[in-house]
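What follows is target_35.txt (compact mmCIF, C-alpha atoms).
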```
# COMPACT_ATOMS: atom_id res chain seq x y z
CA MET V 2 155.32 102.05 -186.41
CA THR V 3 155.16 101.87 -182.64
CA SER V 4 157.35 99.10 -181.23
CA THR V 5 157.23 99.87 -177.51
CA THR V 6 154.63 100.33 -174.82
CA VAL V 7 156.20 102.44 -172.07
CA VAL V 8 154.66 101.40 -168.76
CA VAL V 9 154.83 103.95 -165.95
CA VAL V 10 153.78 102.62 -162.56
CA THR V 11 152.68 105.27 -160.11
CA TRP V 12 151.44 105.41 -156.54
CA ARG V 13 150.89 108.81 -154.97
CA GLY V 14 153.13 110.25 -157.65
CA ALA V 15 151.64 113.73 -157.87
CA ALA V 16 154.98 115.35 -157.03
CA HIS V 17 156.83 113.86 -160.00
CA ILE V 18 154.49 112.16 -162.50
CA THR V 19 154.16 115.30 -164.65
CA ALA V 20 157.93 115.54 -165.20
CA CYS V 21 158.00 111.87 -166.21
CA LEU V 22 155.16 112.30 -168.71
CA ASP V 23 156.73 115.49 -170.07
CA ALA V 24 159.95 113.57 -170.75
CA LEU V 25 158.04 110.78 -172.48
CA ALA V 26 156.19 113.28 -174.65
CA ALA V 27 159.58 114.60 -175.81
CA GLN V 28 160.87 111.21 -176.98
CA THR V 29 162.23 111.07 -180.52
CA ARG V 30 160.79 107.58 -181.07
CA ALA V 31 157.04 106.96 -181.34
CA HIS V 32 155.60 104.81 -178.57
CA ARG V 33 152.51 103.99 -176.57
CA THR V 34 152.37 105.24 -172.98
CA LEU V 35 150.44 103.24 -170.38
CA VAL V 36 150.23 104.61 -166.84
CA VAL V 37 149.32 102.04 -164.19
CA ASP V 38 147.91 103.88 -161.19
CA ASN V 39 148.15 101.84 -158.00
CA ALA V 40 145.00 103.38 -156.46
CA SER V 41 146.64 106.76 -155.79
CA ASP V 42 144.68 109.10 -153.54
CA ASP V 43 146.78 112.26 -153.80
CA GLY V 44 145.55 113.80 -157.06
CA THR V 45 147.79 111.72 -159.32
CA ALA V 46 144.84 110.53 -161.39
CA ALA V 47 143.75 114.10 -162.18
CA LEU V 48 147.27 115.12 -163.21
CA VAL V 49 147.61 112.14 -165.55
CA ALA V 50 144.17 112.76 -167.08
CA ALA V 51 145.01 116.42 -167.69
CA HIS V 52 148.41 115.80 -169.26
CA PRO V 53 148.62 116.98 -172.90
CA SER V 54 150.11 113.67 -174.06
CA LYS V 55 146.87 111.85 -173.10
CA PRO V 56 148.46 108.62 -171.87
CA GLU V 57 146.37 105.50 -171.52
CA VAL V 58 145.57 104.69 -167.90
CA LEU V 59 145.04 101.42 -166.10
CA ARG V 60 143.76 102.29 -162.64
CA LEU V 61 143.96 99.46 -160.13
CA ARG V 62 141.55 99.17 -157.21
CA ARG V 63 144.33 98.61 -154.70
CA ASN V 64 148.06 99.17 -154.42
CA THR V 65 149.73 96.09 -155.88
CA GLY V 66 153.25 97.50 -155.77
CA TYR V 67 155.61 97.89 -158.70
CA ALA V 68 155.69 94.16 -159.45
CA GLY V 69 151.92 93.72 -159.32
CA ALA V 70 151.34 96.74 -161.53
CA MET V 71 153.88 95.59 -164.11
CA ALA V 72 152.26 92.16 -164.19
CA ALA V 73 148.84 93.76 -164.75
CA ALA V 74 150.27 95.95 -167.51
CA LEU V 75 151.84 93.00 -169.32
CA ASP V 76 148.35 91.66 -170.02
CA LYS V 77 147.53 94.95 -171.80
CA VAL V 78 150.68 95.21 -173.93
CA ASP V 79 150.22 94.55 -177.65
CA THR V 80 153.59 95.81 -178.91
CA PRO V 81 156.78 93.75 -179.41
CA LEU V 82 158.62 95.67 -176.67
CA MET V 83 157.68 96.84 -173.19
CA ALA V 84 159.53 99.54 -171.26
CA TRP V 85 159.59 99.63 -167.48
CA LEU V 86 159.84 103.21 -166.18
CA ASN V 87 159.54 104.57 -162.66
CA ASP V 88 157.24 107.55 -162.21
CA ASP V 89 160.12 109.49 -160.63
CA ALA V 90 162.32 108.97 -163.69
CA ALA V 91 162.77 111.48 -166.53
CA PRO V 92 164.46 110.05 -169.64
CA THR V 93 166.31 112.17 -172.17
CA PRO V 94 164.61 112.50 -175.59
CA GLU V 95 166.83 109.81 -177.15
CA TRP V 96 166.31 107.27 -174.35
CA LEU V 97 163.76 105.03 -176.03
CA ALA V 98 165.37 105.19 -179.48
CA THR V 99 168.73 104.23 -178.00
CA CYS V 100 167.26 101.30 -176.08
CA GLU V 101 165.31 100.01 -179.08
CA ASP V 102 168.33 100.30 -181.37
CA THR V 103 170.56 98.56 -178.82
CA LEU V 104 168.17 95.61 -178.65
CA ALA V 105 167.94 95.47 -182.44
CA LYS V 106 171.73 95.12 -182.66
CA ALA V 107 171.80 92.31 -180.07
CA PRO V 108 169.53 89.54 -181.39
CA LEU V 109 170.17 87.29 -178.37
CA ALA V 110 169.23 90.02 -175.89
CA ALA V 111 165.77 90.15 -174.34
CA ALA V 112 166.33 93.23 -172.17
CA VAL V 113 168.33 96.44 -172.20
CA SER V 114 169.08 98.46 -169.07
CA ALA V 115 169.35 102.24 -169.29
CA ARG V 116 171.79 104.46 -167.39
CA LEU V 117 170.06 105.94 -164.35
CA THR V 118 171.60 109.05 -162.85
CA LEU V 119 170.64 110.70 -159.58
CA PRO V 120 169.77 114.43 -159.57
CA ASP V 121 173.25 115.25 -158.23
CA GLY V 122 174.87 113.62 -161.28
CA THR V 123 175.90 110.38 -159.58
CA VAL V 124 175.36 107.29 -161.72
CA GLN V 125 172.98 105.02 -159.85
CA SER V 126 172.84 102.10 -162.24
CA THR V 127 173.83 100.90 -165.68
CA GLY V 128 172.41 97.48 -164.89
CA VAL V 129 172.42 94.86 -162.15
CA ARG V 130 175.25 92.54 -161.11
CA LEU V 131 174.93 89.32 -159.14
CA THR V 132 177.01 89.26 -155.97
CA ALA V 133 178.76 86.18 -154.63
CA ASP V 134 176.00 85.69 -152.04
CA GLY V 135 173.12 86.21 -154.45
CA HIS V 136 172.26 89.87 -154.08
CA GLY V 137 171.17 91.87 -157.09
CA ALA V 138 173.24 95.06 -156.85
CA ASP V 139 173.29 98.19 -159.00
CA LEU V 140 176.32 98.41 -161.25
CA PRO V 141 177.41 102.04 -161.74
CA GLU V 142 180.25 101.33 -164.17
CA PRO V 143 179.46 101.18 -167.91
CA VAL V 144 179.72 97.66 -169.33
CA GLU V 145 178.24 96.24 -172.51
CA GLU V 146 176.63 93.16 -170.98
CA VAL V 147 175.13 93.00 -167.49
CA PHE V 148 173.62 90.18 -165.48
CA GLY V 149 170.30 91.95 -165.17
CA PHE V 150 168.45 95.17 -165.86
CA CYS V 151 167.43 97.84 -163.39
CA GLY V 152 163.64 98.03 -163.37
CA GLY V 153 163.69 101.80 -162.97
CA ALA V 154 164.26 102.21 -166.72
CA ALA V 155 164.57 99.25 -169.07
CA VAL V 156 163.13 97.88 -172.29
CA LEU V 157 162.20 94.20 -172.65
CA ASP V 158 161.17 91.86 -175.43
CA VAL V 159 157.54 91.01 -174.64
CA GLU V 160 157.51 87.54 -176.18
CA ALA V 161 160.64 86.56 -174.23
CA LEU V 162 159.21 88.01 -171.02
CA ARG V 163 155.98 86.08 -171.37
CA SER V 164 157.83 82.88 -172.28
CA VAL V 165 159.69 82.85 -168.94
CA GLY V 166 156.58 83.42 -166.84
CA GLY V 167 156.18 87.19 -166.88
CA VAL V 168 156.61 89.40 -163.80
CA PRO V 169 156.50 87.99 -160.23
CA ALA V 170 153.45 89.99 -159.14
CA SER V 171 153.52 88.75 -155.54
CA TYR V 172 156.89 90.43 -154.89
CA PHE V 173 155.13 93.81 -154.55
CA CYS V 174 158.38 95.80 -154.67
CA TYR V 175 162.08 95.02 -155.23
CA TYR V 176 163.87 92.12 -156.92
CA GLU V 177 161.16 91.74 -159.56
CA ASP V 178 163.77 92.96 -162.05
CA THR V 179 166.58 90.67 -160.82
CA ASP V 180 164.25 87.66 -160.71
CA THR V 181 162.99 88.39 -164.23
CA ALA V 182 166.50 88.87 -165.62
CA TRP V 183 167.67 85.66 -163.95
CA ARG V 184 164.85 83.68 -165.57
CA LEU V 185 165.64 85.24 -168.94
CA ARG V 186 169.28 84.18 -168.58
CA LEU V 187 168.27 80.65 -167.60
CA ALA V 188 166.20 80.56 -170.79
CA GLY V 189 169.27 81.49 -172.84
CA TRP V 190 168.69 85.22 -173.32
CA ASP V 191 171.24 88.00 -172.84
CA VAL V 192 170.80 91.31 -171.02
CA VAL V 193 172.68 94.36 -172.26
CA SER V 194 173.30 97.93 -171.16
CA ALA V 195 172.81 101.10 -173.19
CA GLU V 196 174.00 104.69 -172.90
CA ALA V 197 170.39 105.81 -172.68
CA ASP V 198 170.22 108.43 -169.96
CA VAL V 199 167.50 108.76 -167.35
CA THR V 200 167.44 111.09 -164.34
CA HIS V 201 166.02 109.24 -161.36
CA GLU V 202 164.77 110.60 -158.04
CA HIS V 203 165.59 107.33 -156.34
CA GLY V 204 163.18 106.37 -153.56
CA ALA V 205 160.54 109.01 -154.22
CA SER V 206 157.70 106.50 -153.76
CA THR V 207 159.33 104.22 -151.20
CA LEU V 208 161.89 105.03 -148.55
CA PRO V 209 165.18 103.13 -148.99
CA GLY V 210 166.35 102.09 -145.55
CA SER V 211 162.85 101.91 -144.08
CA VAL V 212 161.48 98.79 -142.41
CA ARG V 213 159.20 98.08 -145.37
CA PHE V 214 162.09 98.50 -147.80
CA HIS V 215 164.24 95.97 -145.94
CA LEU V 216 161.32 93.58 -145.45
CA TRP V 217 160.52 93.44 -149.15
CA ASN V 218 164.16 93.48 -150.18
CA GLU V 219 165.32 90.63 -147.93
CA ARG V 220 162.21 88.51 -148.49
CA ASN V 221 162.34 88.84 -152.26
CA ARG V 222 166.07 88.13 -152.43
CA LEU V 223 165.55 84.82 -150.68
CA LEU V 224 162.53 83.98 -152.83
CA THR V 225 164.52 84.77 -155.97
CA LEU V 226 167.31 82.44 -154.84
CA LEU V 227 164.78 79.69 -154.14
CA ARG V 228 163.25 80.15 -157.58
CA CYS V 229 166.36 80.64 -159.70
CA ALA V 230 169.65 79.71 -157.98
CA PRO V 231 171.29 76.29 -157.75
CA ARG V 232 169.72 74.29 -154.92
CA ALA V 233 172.87 74.29 -152.78
CA VAL V 234 173.23 78.07 -153.10
CA ALA V 235 169.60 78.73 -152.19
CA ILE V 236 169.73 76.44 -149.15
CA ARG V 237 173.07 77.87 -147.99
CA GLN V 238 171.88 81.46 -148.16
CA LEU V 239 168.57 80.68 -146.44
CA VAL V 240 170.35 78.82 -143.62
CA LYS V 241 172.90 81.63 -143.32
CA PHE V 242 170.10 84.20 -143.01
CA ALA V 243 168.34 82.09 -140.34
CA VAL V 244 171.49 81.41 -138.30
CA LEU V 245 172.52 85.05 -138.31
CA THR V 246 169.02 85.96 -137.17
CA LEU V 247 169.26 83.51 -134.26
CA VAL V 248 172.57 84.90 -133.00
CA LEU V 249 171.57 88.57 -133.23
CA PRO V 250 170.30 88.72 -129.60
CA LEU V 251 173.80 87.72 -128.44
CA ARG V 252 175.40 90.79 -129.99
CA GLY V 253 173.76 93.23 -127.60
CA LYS V 254 174.29 96.39 -129.65
CA PRO V 255 172.16 98.49 -132.02
CA MET V 256 171.87 97.03 -135.48
CA ALA V 257 171.19 98.40 -138.93
CA PRO V 258 167.49 98.08 -139.88
CA ASN V 259 168.01 94.95 -141.99
CA PHE V 260 169.68 93.25 -139.01
CA ARG V 261 166.87 93.90 -136.53
CA LEU V 262 165.60 90.66 -135.03
CA SER V 263 161.91 91.48 -135.46
CA LEU V 264 162.29 92.36 -139.13
CA ARG V 265 164.35 89.27 -139.96
CA CYS V 266 161.85 87.04 -138.16
CA ARG V 267 159.11 88.56 -140.31
CA VAL V 268 161.18 87.84 -143.39
CA LEU V 269 161.68 84.20 -142.40
CA GLY V 270 157.98 83.86 -141.61
CA ALA V 271 157.02 85.28 -145.00
CA VAL V 272 159.43 82.98 -146.84
CA ALA V 273 158.21 79.94 -144.90
CA ALA V 274 154.59 80.77 -145.72
CA ARG V 275 155.42 81.05 -149.42
CA LEU V 276 157.75 78.05 -149.58
CA PRO V 277 155.32 75.48 -151.04
CA ARG V 278 154.25 77.88 -153.79
CA THR V 279 157.85 78.96 -154.41
CA LEU V 280 159.01 75.37 -154.90
CA VAL V 281 156.26 74.86 -157.48
CA GLU V 282 157.47 78.03 -159.21
CA ARG V 283 161.06 76.76 -159.07
CA ARG V 284 160.05 73.66 -161.00
CA ALA V 285 158.30 75.83 -163.59
CA VAL V 286 161.43 77.96 -163.97
CA GLY V 287 163.47 74.80 -164.46
CA ARG V 288 161.14 73.50 -167.16
CA ARG V 289 161.53 76.73 -169.15
CA ALA V 290 165.31 76.85 -168.76
CA THR V 291 167.73 75.95 -171.52
CA LEU V 292 170.83 76.59 -169.40
CA GLY V 293 171.72 74.94 -166.11
CA ARG V 294 171.31 76.95 -162.91
CA GLY V 295 174.90 76.15 -162.03
CA ALA V 296 176.21 77.42 -165.34
CA VAL V 297 174.45 80.78 -164.96
CA TRP V 298 175.59 81.08 -161.35
CA GLU V 299 179.21 80.31 -162.15
CA ALA V 300 179.22 82.74 -165.06
CA TRP V 301 177.78 85.70 -163.15
CA ALA V 302 177.91 85.36 -159.36
CA GLY V 303 180.60 87.63 -157.99
CA ASN V 304 181.71 88.74 -161.45
```
Let me see the file written as structure tokens.
Amino acid sequence: MTSTTVVVVTWRGAAHITACLDALAAQTRAHRTLVVDNASDDGTAALVAAHPSKPEVLRLRRNTGYAGAMAAALDKVDTPLMAWLNDDAAPTPEWLATCEDTLAKAPLAAAVSARLTLPDGTVQSTGVRLTADGHGADLPEPVEEVFGFCGGAAVLDVEALRSVGGVPASYFCYYEDTDTAWRLRLAGWDVVSAEADVTHEHGASTLPGSVRFHLWNERNRLLTLLRCAPRAVAIRQLVKFAVLTLVLPLRGKPMAPNFRLSLRCRVLGAVAARLPRTLVERRAVGRRATLGRGAVWEAWAGN
């Protein structure tokens, strides 16, 4: 029986989608493959349609980002498990079987994070850790339990995912995995790591370090804190971000992209515009929680 729907989100993925689908066709565990095409205009649709594995396709009319596409896919999933897989990722044949078996052995776990390795052999992520200031950061070292899963290659329990509010579609890209894992932990679920190997061409669809990357990354980190973190932590980090932004003109020297005044002002503007909605979402997260925000923060932040 098929337990997992593997969701592959793609946008202009013609250069790498075939390798991803080839790797999925070679899996040792039966599954359903659903490709969500974010309105690609580079021939991706033709490549997917011609692939021998004949994956199902959900073609969106506009680019909704990774988060929006995953949220759209969740409505179409009718299996107990749902895998998140980047279109520039190629899992080994045992990847899915290992992830499914790992979840089966951990009844309190709602998500399992695979081991993503860059083409040069460097381990990119075995999961996500929570830093002392609320960043979700890739954890390259192998550990059994992680704070969160890396959305590049993970398998989630669908019922648990839906019970905590699904995927934050409005994030577009980045932190949708950390936010989801945080809400799962607040609801009492665990997140584990598995030695399920995936080769990942990190940043093939987006450019890490670009203005858009930092805009989405910084905005979504602050939104995640406002939704999931203890109130004092969220306020402290938001004020810290704003104060640092205000003093940047006094430094008078070139800054890294995420410290550029214009970008950080855009981040603050975006967070301010979303604040009323985010506070409503925060209350919804709290209603679904079985653990206190403080308890989760103390257990994982900086550890």
May I have a table of the residues of stretch 11-121 of chain V lying at most 10 Å from stretch 134-148 of chain V, giving each one's closest pair of atoms and their distance in Å to one decimal, counting all atoms listed in the file, ordered by chain and ascending residue number, as CSV?
```
residue,atom,partner,partner_atom,distance
V:Ala110,CA,V:Glu146,CA,9.4
V:Ala112,CA,V:Val147,CA,10.0
V:Val113,CA,V:Val147,CA,9.0
V:Ser114,CA,V:Val147,CA,8.3
V:Arg116,CA,V:Pro141,CA,8.3
V:Leu117,CA,V:Pro141,CA,8.7
V:Thr118,CA,V:Pro141,CA,9.2
```
Inset, instruction - Grab the atom CA of V:Leu269 to atom CA of V:Asn64 distance for me, in Å with one decimal place. - result: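 Separation of atom CA of V:Leu269 and atom CA of V:Asn64: 23.5 Å.
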Which neighbours of V:Leu25 fall inside 12 Å, counting all atoms listed in the file, when residues of the same chain fewer than 5 positions from it are skipped, and could you give them as a CSV table (one decimal) with C-alpha atoms, in the coordinates of the input?
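Output file out-v1.csv follows:
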```
chain,number,residue,atom,x,y,z
V,6,THR,CA,154.6,100.3,-174.8
V,7,VAL,CA,156.2,102.4,-172.1
V,8,VAL,CA,154.7,101.4,-168.8
V,9,VAL,CA,154.8,104.0,-166.0
V,18,ILE,CA,154.5,112.2,-162.5
V,19,THR,CA,154.2,115.3,-164.6
V,20,ALA,CA,157.9,115.5,-165.2
V,30,ARG,CA,160.8,107.6,-181.1
V,31,ALA,CA,157.0,107.0,-181.3
V,32,HIS,CA,155.6,104.8,-178.6
V,33,ARG,CA,152.5,104.0,-176.6
V,34,THR,CA,152.4,105.2,-173.0
V,35,LEU,CA,150.4,103.2,-170.4
V,36,VAL,CA,150.2,104.6,-166.8
V,52,HIS,CA,148.4,115.8,-169.3
V,53,PRO,CA,148.6,117.0,-172.9
V,54,SER,CA,150.1,113.7,-174.1
V,55,LYS,CA,146.9,111.8,-173.1
V,56,PRO,CA,148.5,108.6,-171.9
V,84,ALA,CA,159.5,99.5,-171.3
V,86,LEU,CA,159.8,103.2,-166.2
V,87,ASN,CA,159.5,104.6,-162.7
V,88,ASP,CA,157.2,107.6,-162.2
V,90,ALA,CA,162.3,109.0,-163.7
V,91,ALA,CA,162.8,111.5,-166.5
V,92,PRO,CA,164.5,110.0,-169.6
V,93,THR,CA,166.3,112.2,-172.2
V,94,PRO,CA,164.6,112.5,-175.6
V,95,GLU,CA,166.8,109.8,-177.2
V,96,TRP,CA,166.3,107.3,-174.4
V,97,LEU,CA,163.8,105.0,-176.0
V,98,ALA,CA,165.4,105.2,-179.5
V,199,VAL,CA,167.5,108.8,-167.4
```
Legend entry - Who sits within 9 Å of V:Val272, only C-alpha atoms, same chain under 4 positions skipped, as a list in words: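 Answer for this query is Arg220, Asn221, Leu223, Leu224, Arg267, Val268, Leu276 and Thr279 of chain V.
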Inset, instruction - Check the smallest atom-to-atom distance from each of V:Ala133, V:Leu61, V:Ala115, V:Leu239 to V:Asp38 using only C-alpha atoms, then report the winner. - result: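 Residue with the minimum atom-to-atom distance to V:Asp38: V:Leu61.
Among the candidates V:Val168, V:Phe150, V:Asp23, V:Ala161, the one nearest to V:Asp76 when counting all atoms listed in the file is V:Val168.
Distance annotation: of V:Ala47, V:Leu75, V:Leu216, V:Met83, the residue with the minimal separation from V:Ala271 is V:Leu216; atom set is all atoms listed in the file.
Comparing V:Met256, V:Val124, V:Val159, V:Ala50 by their smallest distance to V:Leu22, the closest is V:Ala50 (using all atoms listed in the file).
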Inset, instruction - Using all atoms listed in the file, find all polymer residues with an atom at most 6 Å away from the point (147.1, 100.5, -166.7); report them as a list in words. - result: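 With a cut-off of 6 Å, the residues come to Leu35, Val36, Val37, Val58, Leu59, Arg60 and Ala74 of chain V.
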Legend entry - Residue neighbourhood V:Thr45, 7 Å, all atoms listed in the file, exclusion window fewer than 5 positions, as a ChimeraX atom specification: /V:13-15
Legend entry - Interatomic distance, atom CA of V:Leu247 to atom CA of V:Ala235 (Å, one decimal):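 The value is 18.6 Å.
Nearest residue to V:Thr127 among V:Ala195, V:Arg289, V:Arg163, V:Trp183 is V:Ala195, counting all atoms listed in the file.
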Inset, instruction - Name the residues in contact with V:Leu162 at a cut-off of 8 Å, using all atoms listed in the file, excluding same-chain residues fewer than 5 positions from it; report them as a PyMOL selection string. - result: chain V and resi 111+157+167-168+181+185
Inset, instruction - Just give me the gap between atom CA of V:Thr11 and atom CA of V:Pro258 in Å, one decimal is fine. - result: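 According to the coordinates, atom CA of V:Thr11 and atom CA of V:Pro258 are separated by 26.1 Å.
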Inset, instruction - Around the point (138.5, 100.9, -153.9), in the coordinates given by the file, pick out the residues reaching within 8 Å, counting only C-alpha atoms, and return them as number ranges by chain. - result: V: 40, 62-63
